[in-house]
Amino acid sequence: MNTDLSSNVPNEIRNLSRARLYATGEMNIADNVSVKGQLFAGGNMNIGVTTSVTGDVYSAKSVMLRNRCNVGNVYYVSRLDVQDGAKYKKATRQSSMSVRAIPTFSVTAGSNSVLVESQQYRSMVSGRYKNFTARSNTTINFSAGDYYFRDFYTDSNVKMNFSPGTRIWVSGNLRIGNDNKLLQSGRVGDLFIYVAGSVTVETGVTMKTVLVAPNASVSVSSRTHIYGYLIGKSINIQPNVIVE
């Protein structure tokens, strides 16, 4: 069990892996990304130019280390490609590697949607809702508890404050707009987000969370800072992202 995570995270997820980024399929980490922790991919893994990974990297297929990246130990099954100046501690080829399936949960949304208009303030209480939409320059406070939505979309410059012990369950898709802030003052995992569909995190986002999307891709745009863990079917990290 990953004891670094709050007990707000379901035990099925806490028992899955200690990797900061975990994908059952492919993982693509672009240039100049910083990850403080391990990486695990069930498919091919690409680590970009000058990217730094403080922990070990695991791939049940192949690993590509681009120019001047720096990682810990490398464990792979099919192939390791190393470009000029890439550094790693030790490489170990294995005959096979177990890829643990990401647990899935049933999410039932409600019938009433939430729309927060531009420059408005809203306080939320736990419960079942339909769609959640926050327009630009809004502030939303979430009290602790479980929230169920169909889709969850935010525009740019949205600030969301989450009381420790908040869980967001989305049966459809999640999109976090440019320069959003997802803030909470507790431990990593005191904000837990589960998405049955796809996840898009746009440019310049700050978020402290454990985010799980077992059925689709997790895409994170440049200049985003993530305090926590991302778990998905595939993971795509664009340049200049920090994960810690």
# chains A, B, ... in the order shown; residues from 1 in each chain; ligands from 1

$ residues_around --residues "Asn112 in chain A" --least-positions-apart "6" --cutoff "9 Å" --atoms "only C-alpha atoms" --output "number ranges by chain"
A: 128-131

$ atom_distance --atom1 "CA of Gln238 in chain A" --atom2 "CA of Ser163 in chain A"
29.1 Å

$ closest_residue --among "A:Asn70, A:Asn180, A:Gln38, A:Thr209" --to "Ser52 in chain A" --atoms "only C-alpha atoms"
A:Asn70

$ closest_residue --among "A:Thr50, A:Ser34, A:Asn28, A:Thr108" --to "Val63 in chain A" --atoms "only C-alpha atoms"
A:Asn28

$ closest_residue --among "A:Ile226, A:Val35, A:Ile235, A:Ile168" --to "Lys181 in chain A" --atoms "only C-alpha atoms"
A:Ile226

$ residues_around --residues "Ile242 in chain A" --least-positions-apart "6" --cutoff "12 Å" --atoms "only C-alpha atoms" --output "count of residues only"
30

$ atom_distance --atom1 "CA of Arg68 in chain A" --atom2 "CA of Asp84 in chain A"
6.5 Å

$ residues_around --residues "range 211-219 of chain A" --least-positions-apart "5" --cutoff "7 Å" --atoms "only C-alpha atoms" --output "CSV table (one decimal) with N, CA and C atoms, in the first residue's frame"
chain,number,residue,atom,x,y,z
A,102,ILE,N,-6.0,-1.1,-13.6
A,102,ILE,CA,-6.5,0.0,-12.7
A,102,ILE,C,-7.9,-0.3,-12.3
A,104,THR,N,-11.7,0.0,-11.4
A,104,THR,CA,-12.8,0.8,-11.9
A,104,THR,C,-13.9,0.9,-10.9
A,192,PHE,N,-9.4,13.5,-4.2
A,192,PHE,CA,-9.3,12.4,-5.1
A,192,PHE,C,-10.3,12.6,-6.2
A,193,ILE,N,-9.8,12.4,-7.5
A,193,ILE,CA,-10.6,12.6,-8.6
A,193,ILE,C,-10.6,11.3,-9.5
A,194,TYR,N,-11.8,10.7,-9.7
A,194,TYR,CA,-11.9,9.6,-10.6
A,194,TYR,C,-12.7,9.9,-11.8
A,195,VAL,N,-12.2,9.6,-13.0
A,195,VAL,CA,-12.9,9.9,-14.3
A,195,VAL,C,-13.0,8.7,-15.1
A,196,ALA,N,-14.2,8.3,-15.5
A,196,ALA,CA,-14.4,7.1,-16.3
A,196,ALA,C,-14.0,7.4,-17.7
A,197,GLY,N,-14.1,8.7,-18.2
A,197,GLY,CA,-13.8,9.0,-19.6
A,197,GLY,C,-12.4,9.6,-19.7
A,198,SER,N,-12.2,10.6,-20.6
A,198,SER,CA,-10.9,11.1,-20.8
A,198,SER,C,-10.6,12.3,-19.9
A,199,VAL,N,-9.3,12.7,-19.8
A,199,VAL,CA,-8.9,13.8,-18.9
A,199,VAL,C,-8.0,14.7,-19.7
A,200,THR,N,-8.3,16.0,-19.7
A,200,THR,CA,-7.5,17.0,-20.3
A,200,THR,C,-7.2,18.1,-19.3
A,201,VAL,N,-5.9,18.3,-19.0
A,201,VAL,CA,-5.5,19.4,-18.1
A,201,VAL,C,-4.7,20.4,-19.0
A,229,TYR,N,-0.4,12.3,-7.9
A,229,TYR,CA,-0.3,11.1,-8.7
A,229,TYR,C,-1.3,11.2,-9.9
A,230,LEU,N,-0.8,10.7,-11.1
A,230,LEU,CA,-1.7,10.5,-12.2
A,230,LEU,C,-1.7,9.0,-12.6
A,231,ILE,N,-2.9,8.5,-12.8
A,231,ILE,CA,-3.0,7.1,-13.1
A,231,ILE,C,-4.0,7.0,-14.3
A,232,GLY,N,-3.6,6.3,-15.4
A,232,GLY,CA,-4.5,6.3,-16.5
A,232,GLY,C,-4.2,5.1,-17.5
A,233,LYS,N,-5.0,5.0,-18.5
A,233,LYS,CA,-4.8,4.0,-19.5
A,233,LYS,C,-3.5,4.4,-20.3
A,234,SER,N,-3.4,5.7,-20.7
A,234,SER,CA,-2.2,6.2,-21.3
A,234,SER,C,-2.0,7.6,-20.7
A,235,ILE,N,-0.8,8.1,-20.7
A,235,ILE,CA,-0.4,9.4,-20.1
A,235,ILE,C,0.4,10.1,-21.1
A,236,ASN,N,0.1,11.4,-21.4
A,236,ASN,CA,0.8,12.3,-22.3
A,236,ASN,C,1.1,13.6,-21.5
A,237,ILE,N,2.4,13.8,-21.3
A,237,ILE,CA,2.8,15.0,-20.5
A,237,ILE,C,3.6,15.9,-21.5

$ residues_around --residues "Asn15 in chain A" --least-positions-apart "2" --cutoff "7 Å" --atoms "only C-alpha atoms" --output "PyMOL selection string"
chain A and resi 1-2+11-13+17

$ write_last_selection --atoms "C-alpha atoms" --output "short mmCIF file (atom, residue, chain, number, x, y, z; two decimals), in the first residue's frame"
data_model
loop_
_atom_site.label_atom_id
_atom_site.label_comp_id
_atom_site.auth_asym_id
_atom_site.auth_seq_id
_atom_site.Cartn_x
_atom_site.Cartn_y
_atom_site.Cartn_z
CA MET A 1 0.00 0.00 0.00
CA ASN A 2 1.18 3.51 -0.80
CA ASN A 11 -7.60 1.26 -0.91
CA GLU A 12 -7.84 -0.34 -4.36
CA ILE A 13 -5.88 2.65 -5.70
CA SER A 17 1.48 1.30 -7.33
#

$ closest_residue --among "A:Asn157, A:Ser59, A:Ser123, A:Ser96" --to "Ala144 in chain A" --atoms "only C-alpha atoms"
A:Ser123

$ select_by_dssp --residues "range 9-226 of chain A" --states "alpha helix (DSSP H)" --output "PyMOL selection string"
chain A and resi 11-14

$ residues_around --residues "Tyr76 in chain A" --least-positions-apart "6" --cutoff "8 Å" --atoms "only C-alpha atoms" --output "ChimeraX atom specification"
/A:58-63,91-94,97

$ write_last_selection --atoms "N, CA and C atoms" --output "compact mmCIF listing (two decimals), in the first residue's frame"
# COMPACT_ATOMS: atom_id res chain seq x y z
N TYR A 58 9.86 1.99 -15.28
CA TYR A 58 9.50 0.61 -15.63
C TYR A 58 8.63 0.63 -16.88
N SER A 59 8.94 -0.24 -17.84
CA SER A 59 8.10 -0.41 -19.01
C SER A 59 7.98 -1.89 -19.34
N ALA A 60 6.74 -2.35 -19.52
CA ALA A 60 6.51 -3.74 -19.92
C ALA A 60 6.80 -3.94 -21.40
N LYS A 61 7.19 -2.85 -22.10
CA LYS A 61 7.63 -2.94 -23.49
C LYS A 61 8.99 -2.25 -23.64
N SER A 62 9.04 -1.11 -24.34
CA SER A 62 10.32 -0.46 -24.64
C SER A 62 10.42 0.90 -23.98
N VAL A 63 11.69 1.35 -23.80
CA VAL A 63 11.97 2.66 -23.22
C VAL A 63 12.88 3.43 -24.18
N ALA A 91 20.48 -0.39 -16.18
CA ALA A 91 19.39 -0.89 -17.02
C ALA A 91 19.30 -2.41 -16.87
N THR A 92 18.08 -2.89 -16.68
CA THR A 92 17.84 -4.32 -16.51
C THR A 92 16.74 -4.76 -17.46
N ARG A 93 17.09 -5.70 -18.35
CA ARG A 93 16.07 -6.26 -19.24
C ARG A 93 15.44 -7.47 -18.56
N GLN A 94 14.10 -7.48 -18.55
CA GLN A 94 13.39 -8.55 -17.90
C GLN A 94 12.61 -9.37 -18.93
N MET A 97 6.94 -8.46 -17.42
CA MET A 97 6.64 -7.53 -16.35
C MET A 97 5.12 -7.51 -16.15

$ atom_distance --atom1 "CA of Gly127 in chain A" --atom2 "CA of Asp4 in chain A"
27.6 Å

$ residues_around --residues "Leu5 in chain A" --least-positions-apart "4" --cutoff "7 Å" --atoms "only C-alpha atoms" --output "list in words"
Val9, Arg14, Val188 and Gly189 of chain A

$ write_last_selection --atoms "N, CA and C atoms" --output "short mmCIF file (atom, residue, chain, number, x, y, z; two decimals), in the first residue's frame"
data_model
loop_
_atom_site.label_atom_id
_atom_site.label_comp_id
_atom_site.auth_asym_id
_atom_site.auth_seq_id
_atom_site.Cartn_x
_atom_site.Cartn_y
_atom_site.Cartn_z
N VAL A 9 -8.17 8.28 -0.38
CA VAL A 9 -8.03 7.53 -1.63
C VAL A 9 -8.48 6.10 -1.40
N ARG A 14 -4.70 2.86 -3.60
CA ARG A 14 -3.50 2.93 -2.76
C ARG A 14 -2.66 1.66 -2.89
N VAL A 188 -1.58 14.65 0.26
CA VAL A 188 -1.83 14.22 -1.11
C VAL A 188 -2.88 13.10 -1.09
N GLY A 189 -3.92 13.27 -1.86
CA GLY A 189 -5.02 12.33 -1.85
C GLY A 189 -6.23 12.81 -1.06
#

$ closest_residue --among "A:Arg66, A:Val57, A:Lys89, A:Ile47" --to "Arg18 in chain A" --atoms "only C-alpha atoms"
A:Val57

$ select_by_dssp --residues "range 92-210 of chain A" --states "strand (DSSP E)" --output "ChimeraX atom specification"
/A:92-93,114-116,121-124,127-128,132-134,139-142,145-149,152-154,159-162,166-170,174-176,181-183,191-195,199-201,206-210
